[in-house]
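J.: Contents of target-v5.pdb (PDB, C-alpha atoms) are below:
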ATOM      1  CA  MET V   1     119.588  55.591 -51.357  1.00  0.00           C
ATOM      2  CA  LYS V   2     122.042  56.209 -48.509  1.00  0.00           C
ATOM      3  CA  ILE V   3     122.456  53.693 -45.668  1.00  0.00           C
ATOM      4  CA  ILE V   4     124.698  53.731 -42.598  1.00  0.00           C
ATOM      5  CA  GLY V   5     125.855  50.251 -41.544  1.00  0.00           C
ATOM      6  CA  ILE V   6     126.862  49.326 -37.988  1.00  0.00           C
ATOM      7  CA  ASP V   7     128.280  46.041 -36.703  1.00  0.00           C
ATOM      8  CA  SER V   8     129.450  45.534 -33.133  1.00  0.00           C
ATOM      9  CA  SER V   9     128.144  41.983 -32.735  1.00  0.00           C
ATOM     10  CA  GLY V  10     131.559  40.439 -32.097  1.00  0.00           C
ATOM     11  CA  LEU V  11     135.132  41.501 -31.354  1.00  0.00           C
ATOM     12  CA  VAL V  12     135.124  43.750 -34.422  1.00  0.00           C
ATOM     13  CA  ALA V  13     133.656  47.250 -34.335  1.00  0.00           C
ATOM     14  CA  SER V  14     132.737  48.542 -37.775  1.00  0.00           C
ATOM     15  CA  VAL V  15     130.783  51.399 -39.367  1.00  0.00           C
ATOM     16  CA  ALA V  16     130.170  52.127 -43.041  1.00  0.00           C
ATOM     17  CA  LEU V  17     128.197  54.235 -45.484  1.00  0.00           C
ATOM     18  CA  ALA V  18     126.755  52.898 -48.747  1.00  0.00           C
ATOM     19  CA  ALA V  19     124.984  55.069 -51.308  1.00  0.00           C
ATOM     20  CA  ASP V  20     123.526  54.201 -54.705  1.00  0.00           C
ATOM     21  CA  GLY V  21     125.538  51.022 -55.165  1.00  0.00           C
ATOM     22  CA  VAL V  22     128.846  52.455 -53.901  1.00  0.00           C
ATOM     23  CA  LEU V  23     130.584  51.870 -50.568  1.00  0.00           C
ATOM     24  CA  LEU V  24     131.642  55.420 -49.701  1.00  0.00           C
ATOM     25  CA  GLY V  25     133.400  54.733 -46.424  1.00  0.00           C
ATOM     26  CA  GLU V  26     134.153  52.018 -43.879  1.00  0.00           C
ATOM     27  CA  PHE V  27     135.981  52.047 -40.549  1.00  0.00           C
ATOM     28  CA  THR V  28     136.780  48.691 -38.905  1.00  0.00           C
ATOM     29  CA  THR V  29     138.845  47.873 -35.825  1.00  0.00           C
ATOM     30  CA  ASN V  30     139.627  44.576 -34.126  1.00  0.00           C
ATOM     31  CA  ASN V  31     141.798  45.692 -31.237  1.00  0.00           C
ATOM     32  CA  LYS V  32     139.838  44.433 -28.202  1.00  0.00           C
ATOM     33  CA  LYS V  33     138.775  47.904 -27.094  1.00  0.00           C
ATOM     34  CA  THR V  34     135.215  48.088 -25.863  1.00  0.00           C
ATOM     35  CA  HIS V  35     132.759  49.121 -28.550  1.00  0.00           C
ATOM     36  CA  SER V  36     131.549  51.954 -26.345  1.00  0.00           C
ATOM     37  CA  GLN V  37     135.036  53.468 -26.807  1.00  0.00           C
ATOM     38  CA  THR V  38     135.255  53.041 -30.566  1.00  0.00           C
ATOM     39  CA  LEU V  39     131.850  53.017 -32.255  1.00  0.00           C
ATOM     40  CA  LEU V  40     130.716  56.635 -31.895  1.00  0.00           C
ATOM     41  CA  PRO V  41     134.181  58.113 -32.586  1.00  0.00           C
ATOM     42  CA  MET V  42     134.378  56.045 -35.778  1.00  0.00           C
ATOM     43  CA  LEU V  43     130.934  57.212 -36.846  1.00  0.00           C
ATOM     44  CA  ASP V  44     131.914  60.824 -36.227  1.00  0.00           C
ATOM     45  CA  ARG V  45     135.219  60.403 -38.091  1.00  0.00           C
ATOM     46  CA  MET V  46     133.396  58.888 -41.052  1.00  0.00           C
ATOM     47  CA  ARG V  47     130.888  61.740 -41.022  1.00  0.00           C
ATOM     48  CA  GLN V  48     133.690  64.288 -41.079  1.00  0.00           C
ATOM     49  CA  ASP V  49     135.802  62.530 -43.714  1.00  0.00           C
ATOM     50  CA  LEU V  50     132.840  62.114 -46.059  1.00  0.00           C
ATOM     51  CA  ASP V  51     131.395  65.547 -45.280  1.00  0.00           C
ATOM     52  CA  LEU V  52     128.198  63.668 -44.532  1.00  0.00           C
ATOM     53  CA  ASP V  53     124.985  65.471 -43.641  1.00  0.00           C
ATOM     54  CA  LEU V  54     123.279  62.877 -41.471  1.00  0.00           C
ATOM     55  CA  LYS V  55     119.880  64.246 -42.462  1.00  0.00           C
ATOM     56  CA  THR V  56     120.468  62.853 -45.975  1.00  0.00           C
ATOM     57  CA  VAL V  57     120.664  59.274 -44.690  1.00  0.00           C
ATOM     58  CA  ASP V  58     117.654  57.092 -45.535  1.00  0.00           C
ATOM     59  CA  ALA V  59     118.064  54.384 -42.884  1.00  0.00           C
ATOM     60  CA  ILE V  60     120.382  52.784 -40.344  1.00  0.00           C
ATOM     61  CA  ALA V  61     121.341  49.141 -40.957  1.00  0.00           C
ATOM     62  CA  ILE V  62     122.425  47.225 -37.875  1.00  0.00           C
ATOM     63  CA  ALA V  63     123.861  43.749 -37.371  1.00  0.00           C
ATOM     64  CA  SER V  64     120.962  42.565 -35.250  1.00  0.00           C
ATOM     65  CA  GLY V  65     122.413  39.382 -33.791  1.00  0.00           C
ATOM     66  CA  PRO V  66     123.333  36.886 -32.678  1.00  0.00           C
ATOM     67  CA  GLY V  67     126.647  37.750 -31.092  1.00  0.00           C
ATOM     68  CA  SER V  68     128.182  39.273 -28.003  1.00  0.00           C
ATOM     69  CA  PHE V  69     125.434  40.425 -25.638  1.00  0.00           C
ATOM     70  CA  THR V  70     127.313  43.588 -24.700  1.00  0.00           C
ATOM     71  CA  GLY V  71     128.337  44.315 -28.279  1.00  0.00           C
ATOM     72  CA  LEU V  72     124.804  43.855 -29.574  1.00  0.00           C
ATOM     73  CA  ARG V  73     123.401  46.159 -26.915  1.00  0.00           C
ATOM     74  CA  ILE V  74     125.929  48.885 -27.733  1.00  0.00           C
ATOM     75  CA  GLY V  75     125.277  48.613 -31.466  1.00  0.00           C
ATOM     76  CA  SER V  76     121.533  48.525 -30.941  1.00  0.00           C
ATOM     77  CA  ALA V  77     121.580  51.578 -28.673  1.00  0.00           C
ATOM     78  CA  THR V  78     123.725  53.459 -31.216  1.00  0.00           C
ATOM     79  CA  ALA V  79     121.432  52.587 -34.118  1.00  0.00           C
ATOM     80  CA  LYS V  80     118.282  53.405 -32.161  1.00  0.00           C
ATOM     81  CA  GLY V  81     119.741  56.712 -31.001  1.00  0.00           C
ATOM     82  CA  LEU V  82     120.632  57.704 -34.555  1.00  0.00           C
ATOM     83  CA  GLY V  83     117.263  56.549 -35.850  1.00  0.00           C
ATOM     84  CA  LEU V  84     115.345  58.503 -33.238  1.00  0.00           C
ATOM     85  CA  ALA V  85     117.463  61.642 -33.598  1.00  0.00           C
ATOM     86  CA  LEU V  86     117.181  61.623 -37.397  1.00  0.00           C
ATOM     87  CA  ASP V  87     113.651  60.186 -37.566  1.00  0.00           C
ATOM     88  CA  ARG V  88     114.930  57.354 -39.764  1.00  0.00           C
ATOM     89  CA  PRO V  89     114.012  53.653 -39.778  1.00  0.00           C
ATOM     90  CA  ILE V  90     116.170  50.705 -38.779  1.00  0.00           C
ATOM     91  CA  VAL V  91     117.039  47.850 -41.133  1.00  0.00           C
ATOM     92  CA  GLU V  92     117.842  44.713 -39.165  1.00  0.00           C
ATOM     93  CA  VAL V  93     120.468  42.514 -40.854  1.00  0.00           C
ATOM     94  CA  PRO V  94     121.050  39.159 -39.128  1.00  0.00           C
ATOM     95  CA  THR V  95     124.716  39.054 -38.156  1.00  0.00           C
ATOM     96  CA  LEU V  96     125.399  35.745 -39.886  1.00  0.00           C
ATOM     97  CA  GLU V  97     123.759  36.891 -43.127  1.00  0.00           C
ATOM     98  CA  GLY V  98     126.033  39.924 -43.034  1.00  0.00           C
ATOM     99  CA  LEU V  99     129.052  37.663 -42.598  1.00  0.00           C
ATOM    100  CA  ALA V 100     127.950  35.421 -45.459  1.00  0.00           C
ATOM    101  CA  TRP V 101     127.519  38.509 -47.669  1.00  0.00           C
ATOM    102  CA  ASN V 102     131.289  39.055 -47.360  1.00  0.00           C
ATOM    103  CA  LEU V 103     131.684  36.123 -49.763  1.00  0.00           C
ATOM    104  CA  TRP V 104     129.210  37.363 -52.386  1.00  0.00           C
ATOM    105  CA  GLY V 105     129.013  35.061 -55.381  1.00  0.00           C
ATOM    106  CA  ALA V 106     131.113  32.264 -53.858  1.00  0.00           C
ATOM    107  CA  ASP V 107     130.399  28.730 -55.014  1.00  0.00           C
ATOM    108  CA  GLY V 108     129.262  26.139 -52.484  1.00  0.00           C
ATOM    109  CA  LEU V 109     127.846  26.486 -48.995  1.00  0.00           C
ATOM    110  CA  ILE V 110     128.817  29.449 -46.822  1.00  0.00           C
ATOM    111  CA  CYS V 111     129.068  28.697 -43.101  1.00  0.00           C
ATOM    112  CA  PRO V 112     129.838  31.685 -40.847  1.00  0.00           C
ATOM    113  CA  MET V 113     130.707  30.677 -37.294  1.00  0.00           C
ATOM    114  CA  MET V 114     130.815  32.870 -34.201  1.00  0.00           C
ATOM    115  CA  ASP V 115     132.196  31.511 -30.958  1.00  0.00           C
ATOM    116  CA  ALA V 116     129.295  31.072 -28.519  1.00  0.00           C
ATOM    117  CA  ARG V 117     131.412  29.365 -25.818  1.00  0.00           C
ATOM    118  CA  ARG V 118     130.510  26.084 -24.098  1.00  0.00           C
ATOM    119  CA  GLU V 119     131.429  24.033 -27.200  1.00  0.00           C
ATOM    120  CA  GLN V 120     128.817  25.894 -29.251  1.00  0.00           C
ATOM    121  CA  VAL V 121     128.831  28.322 -32.167  1.00  0.00           C
ATOM    122  CA  TYR V 122     126.313  30.741 -33.590  1.00  0.00           C
ATOM    123  CA  THR V 123     125.954  29.728 -37.193  1.00  0.00           C
ATOM    124  CA  GLY V 124     123.750  29.521 -40.259  1.00  0.00           C
ATOM    125  CA  ILE V 125     124.243  27.954 -43.682  1.00  0.00           C
ATOM    126  CA  TYR V 126     123.885  29.992 -46.869  1.00  0.00           C
ATOM    127  CA  GLU V 127     124.449  29.862 -50.605  1.00  0.00           C
ATOM    128  CA  PHE V 128     124.419  32.363 -53.443  1.00  0.00           C
ATOM    129  CA  CYS V 129     121.949  31.839 -56.285  1.00  0.00           C
ATOM    130  CA  PRO V 130     121.899  33.760 -59.610  1.00  0.00           C
ATOM    131  CA  ASP V 131     119.219  36.445 -59.512  1.00  0.00           C
ATOM    132  CA  GLY V 132     118.418  36.245 -63.212  1.00  0.00           C
ATOM    133  CA  GLY V 133     120.302  39.425 -63.928  1.00  0.00           C
ATOM    134  CA  GLU V 134     123.876  40.437 -63.220  1.00  0.00           C
ATOM    135  CA  GLY V 135     124.160  39.330 -59.628  1.00  0.00           C
ATOM    136  CA  PHE V 136     123.294  36.853 -56.902  1.00  0.00           C
ATOM    137  CA  THR V 137     120.821  36.582 -54.067  1.00  0.00           C
ATOM    138  CA  LEU V 138     121.638  35.172 -50.648  1.00  0.00           C
ATOM    139  CA  HIS V 139     119.642  32.014 -49.979  1.00  0.00           C
ATOM    140  CA  VAL V 140     119.222  30.726 -46.425  1.00  0.00           C
ATOM    141  CA  VAL V 141     119.868  26.970 -46.407  1.00  0.00           C
ATOM    142  CA  ALA V 142     119.694  26.685 -42.605  1.00  0.00           C
ATOM    143  CA  GLN V 143     118.513  29.448 -40.274  1.00  0.00           C
ATOM    144  CA  GLN V 144     120.922  30.939 -37.755  1.00  0.00           C
ATOM    145  CA  GLU V 145     121.079  29.116 -34.443  1.00  0.00           C
ATOM    146  CA  ALA V 146     123.289  28.271 -31.488  1.00  0.00           C
ATOM    147  CA  ILE V 147     124.494  24.713 -32.034  1.00  0.00           C
ATOM    148  CA  ALA V 148     127.134  22.313 -30.746  1.00  0.00           C
ATOM    149  CA  VAL V 149     130.162  22.159 -33.035  1.00  0.00           C
ATOM    150  CA  THR V 150     129.836  18.383 -33.395  1.00  0.00           C
ATOM    151  CA  ASP V 151     126.209  18.706 -34.475  1.00  0.00           C
ATOM    152  CA  LEU V 152     127.080  21.379 -37.038  1.00  0.00           C
ATOM    153  CA  ILE V 153     129.806  19.234 -38.573  1.00  0.00           C
ATOM    154  CA  ALA V 154     127.419  16.281 -38.754  1.00  0.00           C
ATOM    155  CA  LYS V 155     124.839  18.481 -40.499  1.00  0.00           C
ATOM    156  CA  LEU V 156     127.400  19.668 -43.057  1.00  0.00           C
ATOM    157  CA  ASN V 157     128.626  16.127 -43.671  1.00  0.00           C
ATOM    158  CA  GLY V 158     125.026  15.139 -44.362  1.00  0.00           C
ATOM    159  CA  MET V 159     124.671  17.868 -47.000  1.00  0.00           C
ATOM    160  CA  GLY V 160     127.616  16.495 -48.942  1.00  0.00           C
ATOM    161  CA  ARG V 161     128.728  19.818 -50.443  1.00  0.00           C
ATOM    162  CA  LYS V 162     131.826  21.998 -50.352  1.00  0.00           C
ATOM    163  CA  VAL V 163     131.804  24.513 -47.486  1.00  0.00           C
ATOM    164  CA  ILE V 164     133.551  27.845 -46.955  1.00  0.00           C
ATOM    165  CA  PHE V 165     133.990  28.810 -43.303  1.00  0.00           C
ATOM    166  CA  LEU V 166     134.459  32.290 -41.858  1.00  0.00           C
ATOM    167  CA  GLY V 167     134.036  34.067 -38.536  1.00  0.00           C
ATOM    168  CA  ASP V 168     135.763  34.184 -35.165  1.00  0.00           C
ATOM    169  CA  GLY V 169     134.478  30.707 -34.318  1.00  0.00           C
ATOM    170  CA  VAL V 170     136.648  29.096 -37.007  1.00  0.00           C
ATOM    171  CA  PRO V 171     140.002  29.233 -35.152  1.00  0.00           C
ATOM    172  CA  VAL V 172     138.307  27.837 -32.048  1.00  0.00           C
ATOM    173  CA  CYS V 173     136.824  24.898 -33.976  1.00  0.00           C
ATOM    174  CA  LEU V 174     139.480  24.337 -36.629  1.00  0.00           C
ATOM    175  CA  ASP V 175     140.991  21.192 -35.112  1.00  0.00           C
ATOM    176  CA  ARG V 176     137.522  19.641 -34.877  1.00  0.00           C
ATOM    177  CA  ILE V 177     136.745  20.629 -38.481  1.00  0.00           C
ATOM    178  CA  ARG V 178     139.984  19.069 -39.711  1.00  0.00           C
ATOM    179  CA  GLU V 179     139.345  15.854 -37.825  1.00  0.00           C
ATOM    180  CA  GLU V 180     135.619  15.328 -38.396  1.00  0.00           C
ATOM    181  CA  LEU V 181     134.521  17.116 -41.581  1.00  0.00           C
ATOM    182  CA  LYS V 182     134.210  14.699 -44.525  1.00  0.00           C
ATOM    183  CA  VAL V 183     133.346  17.177 -47.298  1.00  0.00           C
ATOM    184  CA  PRO V 184     135.710  19.589 -49.119  1.00  0.00           C
ATOM    185  CA  TYR V 185     136.121  22.904 -47.326  1.00  0.00           C
ATOM    186  CA  ALA V 186     138.005  26.198 -47.474  1.00  0.00           C
ATOM    187  CA  LEU V 187     138.673  29.059 -45.058  1.00  0.00           C
ATOM    188  CA  ALA V 188     137.937  32.658 -45.978  1.00  0.00           C
ATOM    189  CA  PRO V 189     141.001  34.939 -46.140  1.00  0.00           C
ATOM    190  CA  GLU V 190     141.654  37.407 -43.351  1.00  0.00           C
ATOM    191  CA  HIS V 191     140.171  40.449 -45.105  1.00  0.00           C
ATOM    192  CA  LEU V 192     136.813  38.655 -45.469  1.00  0.00           C
ATOM    193  CA  SER V 193     136.693  36.472 -42.379  1.00  0.00           C
ATOM    194  CA  ARG V 194     135.251  38.888 -39.814  1.00  0.00           C
ATOM    195  CA  GLN V 195     132.272  41.217 -39.519  1.00  0.00           C
ATOM    196  CA  ARG V 196     132.281  44.240 -41.827  1.00  0.00           C
ATOM    197  CA  ALA V 197     129.827  47.110 -41.655  1.00  0.00           C
ATOM    198  CA  GLY V 198     130.263  47.485 -45.406  1.00  0.00           C
ATOM    199  CA  SER V 199     128.443  44.178 -45.836  1.00  0.00           C
ATOM    200  CA  ILE V 200     125.750  45.260 -43.361  1.00  0.00           C
ATOM    201  CA  ALA V 201     125.235  48.514 -45.275  1.00  0.00           C
ATOM    202  CA  SER V 202     125.220  46.740 -48.655  1.00  0.00           C
ATOM    203  CA  LEU V 203     122.751  44.076 -47.572  1.00  0.00           C
ATOM    204  CA  GLY V 204     120.803  46.737 -45.685  1.00  0.00           C
ATOM    205  CA  CYS V 205     120.316  48.652 -48.943  1.00  0.00           C
ATOM    206  CA  ARG V 206     118.744  45.591 -50.517  1.00  0.00           C
ATOM    207  CA  TYR V 207     116.525  44.849 -47.524  1.00  0.00           C
ATOM    208  CA  PHE V 208     115.443  48.490 -47.332  1.00  0.00           C
ATOM    209  CA  ALA V 209     114.435  48.392 -51.004  1.00  0.00           C
ATOM    210  CA  MET V 210     112.410  45.251 -50.202  1.00  0.00           C
ATOM    211  CA  GLY V 211     110.509  47.122 -47.483  1.00  0.00           C
ATOM    212  CA  ARG V 212     112.260  45.392 -44.594  1.00  0.00           C
ATOM    213  CA  ALA V 213     112.601  48.468 -42.386  1.00  0.00           C
ATOM    214  CA  ILE V 214     111.129  49.041 -38.937  1.00  0.00           C
ATOM    215  CA  SER V 215     110.829  51.981 -36.581  1.00  0.00           C
ATOM    216  CA  SER V 216     113.643  52.691 -34.160  1.00  0.00           C
ATOM    217  CA  ASP V 217     111.318  51.940 -31.259  1.00  0.00           C
ATOM    218  CA  ALA V 218     110.564  48.474 -32.621  1.00  0.00           C
ATOM    219  CA  HIS V 219     114.183  47.352 -32.954  1.00  0.00           C
ATOM    220  CA  ALA V 220     115.669  44.887 -30.474  1.00  0.00           C
ATOM    221  CA  PRO V 221     118.714  42.615 -30.806  1.00  0.00           C
ATOM    222  CA  GLU V 222     118.299  38.892 -31.555  1.00  0.00           C
ATOM    223  CA  TYR V 223     120.306  37.058 -28.912  1.00  0.00           C
ATOM    224  CA  LEU V 224     119.199  33.472 -29.780  1.00  0.00           C
ATOM    225  CA  ARG V 225     119.885  32.344 -26.240  1.00  0.00           C
ATOM    226  CA  LYS V 226     120.018  33.727 -22.712  1.00  0.00           C
ATOM    227  CA  SER V 227     123.116  35.460 -21.397  1.00  0.00           C
ATOM    228  CA  GLN V 228     125.435  33.622 -19.010  1.00  0.00           C
ATOM    229  CA  ALA V 229     124.160  35.750 -16.118  1.00  0.00           C
ATOM    230  CA  GLU V 230     120.565  34.814 -16.944  1.00  0.00           C
ATOM    231  CA  ARG V 231     121.441  31.111 -17.279  1.00  0.00           C
ATOM    232  CA  GLU V 232     123.225  31.073 -13.928  1.00  0.00           C
ATOM    233  CA  ARG V 233     120.682  33.182 -12.033  1.00  0.00           C
ATOM    234  CA  PRO V 234     119.020  31.144  -9.239  1.00  0.00           C
ATOM    235  CA  HIS V 235     115.368  30.321  -9.847  1.00  0.00           C
ATOM    236  CA  SER V 236     112.873  32.062  -7.608  1.00  0.00           C
ATOM    237  CA  TYR V 237     109.604  30.516  -6.500  1.00  0.00           C
ATOM    238  CA  GLU V 238     106.434  31.989  -5.101  1.00  0.00           C
ATOM    239  CA  VAL V 239     105.177  30.501  -1.849  1.00  0.00           C
TER     240      VAL V 239
END
Can you present the structure in this file as structure tokens?

T.:
Amino acid sequence: MKIIGIDSSGLVASVALAADGVLLGEFTTNNKKTHSQTLLPMLDRMRQDLDLDLKTVDAIAIASGPGSFTGLRIGSATAKGLGLALDRPIVEVPTLEGLAWNLWGADGLICPMMDARREQVYTGIYEFCPDGGEGFTLHVVAQQEAIAVTDLIAKLNGMGRKVIFLGDGVPVCLDRIREELKVPYALAPEHLSRQRAGSIASLGCRYFAMGRAISSDAHAPEYLRKSQAERERPHSYEV
């Protein structure tokens, strides 16, 4: 099985290739360039460096949201274009599940946080459970949502368990976490704290094996809420 992973849901742009349980390549940048400038060149560089015949790829895994509206659209268009050109399916990996997968096997609750502005974060709550063999499965404790930081902290306090935080929302909310969180917590190190296409490809392999693939035409990003432009657009009324 050979899966391309793409993540442009946040500030990070990342592409990867996983095949038969091995991460063969991964390119990740976090330099504030627009994803339209970086994503396709990184894909082409990875193809060249790995001597990859794109026709041998089984599916395209994409971080499907939530996240930056522009970033999600660019990633979605890239994945759909590849899928259509190669006649390959899309595997949608929720962005926050991909982030949580960075911390595979960690003990306690995993809480990825992406800055959603307006005192909110995109988040979900996850944990790893033994799969009965040699690994772990990712269990969704709380589905991904856009939520006020105060409400998230109250929810975590109510669960009474150790939490590991990661994501670009952590620096924005760190003072609030330090002041209000009552349970033990830790922060993921820098090499695991942001989106990685390697995690999208890895999780995508598992979801593909489970039959969770769709046609390129059927794929659409999961925004969770309206864009700022849509929220601020004046209402129109028929008369």

J.: Show which residues sit within 8 Å of Phe208 in chain V, as a PDB file with C-alpha atoms, keeping the file's coordinate frame. Count all atoms listed in the file, and ignore same-chain residues fewer than 4 positions away.

T.:
ATOM      1  CA  ALA V  59     118.064  54.384 -42.884  1.00  0.00           C
ATOM      2  CA  VAL V  91     117.039  47.850 -41.133  1.00  0.00           C
ATOM      3  CA  GLY V 204     120.803  46.737 -45.685  1.00  0.00           C
ATOM      4  CA  ARG V 212     112.260  45.392 -44.594  1.00  0.00           C
ATOM      5  CA  ALA V 213     112.601  48.468 -42.386  1.00  0.00           C
TER       6      ALA V 213
END

J.: Compare V:Glu97, V:Asp217, V:Asp53, V:Asp87 by their minimum atom-to-atom distance to Val140 in chain V, counting only C-alpha atoms, and give me the closest one.

T.: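 Of V:Glu97, V:Asp217, V:Asp53, V:Asp87, the one nearest Val140 in chain V, counting only C-alpha atoms, is V:Glu97.
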
J.: Expanded to explicit residues, what is the PyMOL selection byres ((chain V and resi 66) around 6) for this file, as a list in words?

T.: Gly65, Gly67, Glu222 and Tyr223 of chain V

J.: Mind telling me what the PyMOL selection byres ((chain V and resi 109) around 6) catches here, as a list in words?

T.: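 Given this file, the PyMOL selection byres ((chain V and resi 109) around 6) evaluates to Gly108, Ile110, Tyr126, Glu127 and Val163 of chain V.
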
J.: If you count all atoms listed in the file, which residues fall within 9 Å of range 196-202 of chain V, apart from same-chain ones fewer than 5 positions away, as a compact mmCIF listing (two decimals) with C-alpha atoms, in the coordinates of the input?

T.:
# COMPACT_ATOMS: atom_id res chain seq x y z
CA LYS V 2 122.04 56.21 -48.51
CA ILE V 3 122.46 53.69 -45.67
CA ILE V 4 124.70 53.73 -42.60
CA GLY V 5 125.86 50.25 -41.54
CA ILE V 6 126.86 49.33 -37.99
CA ASP V 7 128.28 46.04 -36.70
CA SER V 8 129.45 45.53 -33.13
CA VAL V 12 135.12 43.75 -34.42
CA ALA V 13 133.66 47.25 -34.34
CA SER V 14 132.74 48.54 -37.78
CA VAL V 15 130.78 51.40 -39.37
CA ALA V 16 130.17 52.13 -43.04
CA LEU V 17 128.20 54.24 -45.48
CA ALA V 18 126.76 52.90 -48.75
CA ALA V 19 124.98 55.07 -51.31
CA GLY V 21 125.54 51.02 -55.16
CA VAL V 22 128.85 52.46 -53.90
CA LEU V 23 130.58 51.87 -50.57
CA GLY V 25 133.40 54.73 -46.42
CA GLU V 26 134.15 52.02 -43.88
CA PHE V 27 135.98 52.05 -40.55
CA THR V 28 136.78 48.69 -38.90
CA ILE V 60 120.38 52.78 -40.34
CA ALA V 61 121.34 49.14 -40.96
CA ILE V 62 122.42 47.22 -37.88
CA ALA V 63 123.86 43.75 -37.37
CA GLU V 92 117.84 44.71 -39.16
CA VAL V 93 120.47 42.51 -40.85
CA PRO V 94 121.05 39.16 -39.13
CA THR V 95 124.72 39.05 -38.16
CA GLU V 97 123.76 36.89 -43.13
CA GLY V 98 126.03 39.92 -43.03
CA LEU V 99 129.05 37.66 -42.60
CA ALA V 100 127.95 35.42 -45.46
CA TRP V 101 127.52 38.51 -47.67
CA ASN V 102 131.29 39.06 -47.36
CA TYR V 207 116.52 44.85 -47.52
